[in-house]
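Colleague: Sharing a structure, written as structure tokens. Questions coming.
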Amino acid sequence: MEGRIIVVTSGKGGVGKTTATASIGAALALEGKRVAVIDMDIGLRNLDVVLGLENRIVFNIVDVVNGRCNLRQAAIRDRRIENLFLVPASQSDNKDVLTTAGVDRVAKQLRKEFDYVIMDSPAGIERGFENSVTAADEAIVVCTPDVSSIRDADRVIGLLYSRSITPKLVVNRIVPEMVERGDMLSHEDVLEVLSIDLAGLVPMDEQVVIATNTGMPLVLQNDSKAGQAFRRIARRLNGEPDLPVVVPSVKGGMWNRFTQKLGLKQ
Amino acid sequence: MLNTLIRKLSGHEPSKVAAKKRLQFALVCDKLEVNDKTLHALQNDIVEVISKYFEIDRTSLELKVERDEDTSALVFNTPIRCVRRSRV
């Protein structure tokens with residue numbers, strides 16, 4: 001069976017696309033699937049450092065598309081997570097070096113070799129976005145609960161629809177305390193504005209910074225709430241679409257601590 | 001929870017209400033925006049159709065999108081030189 005190509009995109013930069021790509025990719029590999037994560041941010045590569053594989057790069061995606069090496073030479077195997085592979089971006093080229101035809105050709109090969117191919121799209125809606133989306137079967141749009149990120153997500157969702165892709169949304173960096181106070185849009189608000197299906201909700205989590213500092217995949221940190229959220233997103237993608245969405249909630253408030261003590265809440 | 005209660009009692013609107021309103025307005029406006037290329041193509045098409053029935057002054061026609069607080073209208077203005085009788 002041919003693998004599925006999923007693009008992770010957002011329009012706006014800095015909302016957590018790369019972390020989402022790394023985490024969902026790693027989580028799918030932990031589910032036993034053969035996964036390739038592809039860094040499509042040519043000239044500004046980062047997926048390699050997020051996954052802690054930056055010192056093992058030999059070839060990159062531009063080399064593969066331009067025929068300077070084959071896919072197997074460019075794909076870096078993760079030694080901590082079985083079946084996870086990274087194809088890094090080139091750091092010295094710019095985004096115009098790739099064409100959609102070239103990416104489509106490599107995508108065909110990727111589909112044969114892997115169960116899941118996750119494309120980490122660059123920010124923006126220009127050439128780099130086009131190249132990331134051209135071969136995609138599905139899309140995950142990442143946004144944070146703020147006005148500018150949601151507006152950009154809306155634009156990207158429109159562009160994906162025009163390519164007959166129905167994307168799913170990940171709302172990242174939810175701060176439950178702020179949502180409860182009414183100072184942050186809730187996921188219901190975001191979904192109402194964007195009218196799109198949900199892939200999952202990810203809370204703000206210090207562990208993301210720590211994981212990126214050390215290059216250890218977030219989903220391997222068992223105490224990371226964001227890591228757990230990404231693992232659930234991966235399971236939803238991988239044949240468990242009805243896995244309930246966990247809404248990030250306030251823990252440790254006075255009332256919560258009280259009800260926890262009474263055993264009313266976990 | 002206490003904060004929410006205090007805010008409700010004081011009648012102060014939480015900031016997310018403003019965020020949602022502004023966002024919904026921005027998205028509607030974004031969708032009504034037409035780029036120059038589209039507008040130009042539209043103008044050419046309109047002129048072609050009208051020219052079948054009227055002789056118009058192609059140099060002084062005007063096509064624009066007029067926007068109000070909550071409505072948006074396409075306005076096309078052209079002086080007519082004469083009606084093409086041959087078609088009738």
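Letters for chains follow the order of the structure tokens (A, B, ...), residue numbers begin at 1 for each chain, and ligand numbers begin at 1 in the order shown.
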What residues in chain A lie within 6 Å of chain B, counting only C-alpha atoms, written as a PyMOL selection string?
Modeller: chain A and resi 181-185
Colleague: Write the residues of the preceding selection, restricted to N, CA and C atoms, as a PDB file, in the first residue's frame.
Modeller:
ATOM      1  N   ARG A 181      -9.927  32.686  32.216  1.00  0.00           N
ATOM      2  CA  ARG A 181     -10.138  34.108  32.541  1.00  0.00           C
ATOM      3  C   ARG A 181     -10.864  34.853  31.437  1.00  0.00           C
ATOM      4  N   GLY A 182     -10.875  34.275  30.243  1.00  0.00           N
ATOM      5  CA  GLY A 182     -11.479  34.977  29.102  1.00  0.00           C
ATOM      6  C   GLY A 182     -10.483  35.869  28.392  1.00  0.00           C
ATOM      7  N   ASP A 183      -9.192  35.666  28.650  1.00  0.00           N
ATOM      8  CA  ASP A 183      -8.176  36.482  27.990  1.00  0.00           C
ATOM      9  C   ASP A 183      -7.485  35.738  26.852  1.00  0.00           C
ATOM     10  N   MET A 184      -7.984  34.556  26.537  1.00  0.00           N
ATOM     11  CA  MET A 184      -7.462  33.830  25.379  1.00  0.00           C
ATOM     12  C   MET A 184      -8.641  33.132  24.719  1.00  0.00           C
ATOM     13  N   LEU A 185      -8.655  33.155  23.385  1.00  0.00           N
ATOM     14  CA  LEU A 185      -9.734  32.476  22.665  1.00  0.00           C
ATOM     15  C   LEU A 185      -9.707  30.991  23.025  1.00  0.00           C
TER      16      LEU A 185
END
Colleague: Any idea what's packed within 10 Å of B:Asn77, counting only C-alpha atoms, ignoring anything in its chain fewer than 3 positions away? Could you give it as number ranges by chain?
Modeller: B: 60-64, 80
Colleague: Record the distance separating atom CA of A:Ala89 and atom CA of A:Asp120, expressed in Å with one decimal.
Modeller: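 Result for atom CA of A:Ala89 versus atom CA of A:Asp120: 9.8 Å, one decimal.
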Colleague: Counting only C-alpha atoms, figure out which residue out of B:Ala73, B:Ala41, B:Ile46, B:Thr78 gets nearest to B:Arg58.
Modeller: B:Thr78
Colleague: Residues of chain B in strand (DSSP E or B) according to DSSP, as a list in words?
Modeller: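 Answer for chain B, restricted to strand (DSSP E or B): Phe54, Glu55, Ile56, Glu62, Leu63, Lys64, Val65, Glu66, Arg67, Ser72, Ala73, Leu74, Val75, Phe76, Asn77, Ile80, Arg81, Cys82 and Val83 of chain B.
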Colleague: Once you have the residues from the selection above, write them out as a PDB file, in the first residue's frame, restricted to N, CA and C atoms.
Modeller:
ATOM      1  N   PHE B  54     -23.954  47.831 -26.917  1.00  0.00           N
ATOM      2  CA  PHE B  54     -23.776  49.282 -26.914  1.00  0.00           C
ATOM      3  C   PHE B  54     -22.398  49.632 -27.461  1.00  0.00           C
ATOM      4  N   GLU B  55     -22.345  50.828 -28.020  1.00  0.00           N
ATOM      5  CA  GLU B  55     -21.025  51.344 -28.329  1.00  0.00           C
ATOM      6  C   GLU B  55     -20.623  52.198 -27.133  1.00  0.00           C
ATOM      7  N   ILE B  56     -19.530  51.818 -26.476  1.00  0.00           N
ATOM      8  CA  ILE B  56     -19.156  52.574 -25.266  1.00  0.00           C
ATOM      9  C   ILE B  56     -17.798  53.240 -25.433  1.00  0.00           C
ATOM     10  N   GLU B  62     -15.066  52.907 -15.761  1.00  0.00           N
ATOM     11  CA  GLU B  62     -14.517  52.797 -14.409  1.00  0.00           C
ATOM     12  C   GLU B  62     -15.137  51.586 -13.703  1.00  0.00           C
ATOM     13  N   LEU B  63     -14.291  50.761 -13.132  1.00  0.00           N
ATOM     14  CA  LEU B  63     -14.775  49.598 -12.376  1.00  0.00           C
ATOM     15  C   LEU B  63     -14.122  49.612 -11.005  1.00  0.00           C
ATOM     16  N   LYS B  64     -14.939  49.576  -9.985  1.00  0.00           N
ATOM     17  CA  LYS B  64     -14.345  49.548  -8.638  1.00  0.00           C
ATOM     18  C   LYS B  64     -15.228  48.819  -7.636  1.00  0.00           C
ATOM     19  N   VAL B  65     -14.587  48.445  -6.526  1.00  0.00           N
ATOM     20  CA  VAL B  65     -15.339  47.806  -5.451  1.00  0.00           C
ATOM     21  C   VAL B  65     -15.552  48.856  -4.367  1.00  0.00           C
ATOM     22  N   GLU B  66     -16.801  49.111  -4.051  1.00  0.00           N
ATOM     23  CA  GLU B  66     -17.107  50.083  -2.997  1.00  0.00           C
ATOM     24  C   GLU B  66     -17.464  49.341  -1.732  1.00  0.00           C
ATOM     25  N   ARG B  67     -16.803  49.744  -0.658  1.00  0.00           N
ATOM     26  CA  ARG B  67     -17.018  49.025   0.588  1.00  0.00           C
ATOM     27  C   ARG B  67     -17.627  49.913   1.651  1.00  0.00           C
ATOM     28  N   SER B  72     -20.628  45.306   0.465  1.00  0.00           N
ATOM     29  CA  SER B  72     -19.592  45.511  -0.526  1.00  0.00           C
ATOM     30  C   SER B  72     -20.269  45.467  -1.892  1.00  0.00           C
ATOM     31  N   ALA B  73     -19.952  46.439  -2.755  1.00  0.00           N
ATOM     32  CA  ALA B  73     -20.640  46.489  -4.049  1.00  0.00           C
ATOM     33  C   ALA B  73     -19.650  46.695  -5.189  1.00  0.00           C
ATOM     34  N   LEU B  74     -19.970  46.075  -6.288  1.00  0.00           N
ATOM     35  CA  LEU B  74     -19.160  46.234  -7.493  1.00  0.00           C
ATOM     36  C   LEU B  74     -19.829  47.320  -8.340  1.00  0.00           C
ATOM     37  N   VAL B  75     -19.078  48.366  -8.643  1.00  0.00           N
ATOM     38  CA  VAL B  75     -19.661  49.481  -9.397  1.00  0.00           C
ATOM     39  C   VAL B  75     -18.958  49.622 -10.733  1.00  0.00           C
ATOM     40  N   PHE B  76     -19.755  49.580 -11.809  1.00  0.00           N
ATOM     41  CA  PHE B  76     -19.181  49.738 -13.148  1.00  0.00           C
ATOM     42  C   PHE B  76     -19.854  50.928 -13.820  1.00  0.00           C
ATOM     43  N   ASN B  77     -19.054  51.889 -14.218  1.00  0.00           N
ATOM     44  CA  ASN B  77     -19.576  53.107 -14.821  1.00  0.00           C
ATOM     45  C   ASN B  77     -19.032  53.270 -16.223  1.00  0.00           C
ATOM     46  N   ILE B  80     -22.381  55.707 -22.531  1.00  0.00           N
ATOM     47  CA  ILE B  80     -22.838  54.993 -23.728  1.00  0.00           C
ATOM     48  C   ILE B  80     -22.856  55.970 -24.908  1.00  0.00           C
ATOM     49  N   ARG B  81     -22.230  55.574 -26.010  1.00  0.00           N
ATOM     50  CA  ARG B  81     -22.241  56.447 -27.214  1.00  0.00           C
ATOM     51  C   ARG B  81     -23.535  56.223 -27.995  1.00  0.00           C
ATOM     52  N   CYS B  82     -23.828  54.967 -28.261  1.00  0.00           N
ATOM     53  CA  CYS B  82     -25.085  54.647 -28.931  1.00  0.00           C
ATOM     54  C   CYS B  82     -25.412  53.163 -28.782  1.00  0.00           C
ATOM     55  N   VAL B  83     -26.646  52.800 -29.088  1.00  0.00           N
ATOM     56  CA  VAL B  83     -27.060  51.397 -29.038  1.00  0.00           C
ATOM     57  C   VAL B  83     -26.769  50.775 -30.382  1.00  0.00           C
TER      58      VAL B  83
END
Colleague: I need the residue nearest A:Leu71 from this list: A:Val106, A:Ala27, A:Val156, A:Leu198. Use only C-alpha atoms for the distance.
Modeller: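 Under the stated criterion, the closest residue is A:Val106.
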Colleague: As JSON, numbers by chain, list the residues of stretch 47-241 of chain A assigned to alpha helix (DSSP H) by DSSP on the backbone atoms of this structure.
Modeller: {"A": [47, 48, 49, 50, 61, 62, 63, 64, 65, 71, 72, 73, 74, 100, 101, 102, 103, 104, 105, 106, 107, 108, 109, 110, 111, 112, 113, 127, 128, 129, 130, 131, 132, 133, 147, 148, 149, 150, 151, 152, 153, 154, 155, 156, 157, 158, 159, 160, 161, 176, 177, 178, 179, 180, 181, 187, 188, 189, 190, 191, 192, 193, 194, 206, 207, 208, 209, 210, 211, 212, 213, 214, 225, 226, 227, 228, 229, 230, 231, 232, 233, 234, 235, 236, 237]}
Colleague: From the list A:Gly14, A:Val49, A:Leu44, A:Glu130, which residue is nearest A:Ser90 when using only C-alpha atoms?
Modeller: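 Among the listed residues, the smallest separation from A:Ser90 belongs to A:Leu44.
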Colleague: By how many Å are atom CA of A:Phe114 and atom CA of A:Val87 apart?
Modeller: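 The value is 12.3 Å.
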Colleague: Just give me the gap between atom CA of A:Lys12 and atom CA of A:Ser149 in Å, one decimal is fine.
Modeller: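 Distance between the two atoms: 5.8 Å.
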Colleague: Tell me, as a PyMOL selection string, which residues lie within 10 Å of A:Gly52, counting only C-alpha atoms; anything in the same chain fewer than 6 positions away does not count.
Modeller: chain A and resi 46+78+211-217
Colleague: Using C-alpha atoms, can you write the selected residues to a file as a JSON list (two decimals), in the first residue's frame?
Modeller:
[["chain", "number", "residue", "atom", "x", "y", "z"],
["A", 46, "ASN", "CA", 15.35, 23.65, 11.70],
["A", 78, "ASP", "CA", 16.86, 8.28, 14.07],
["A", 211, "ALA", "CA", 13.21, 19.22, 24.45],
["A", 212, "THR", "CA", 14.41, 21.62, 21.76],
["A", 213, "ASN", "CA", 17.39, 22.63, 23.92],
["A", 214, "THR", "CA", 18.53, 19.04, 24.18],
["A", 215, "GLY", "CA", 17.34, 17.75, 20.80],
["A", 216, "MET", "CA", 15.36, 14.98, 22.49],
["A", 217, "PRO", "CA", 12.04, 14.27, 20.77]]
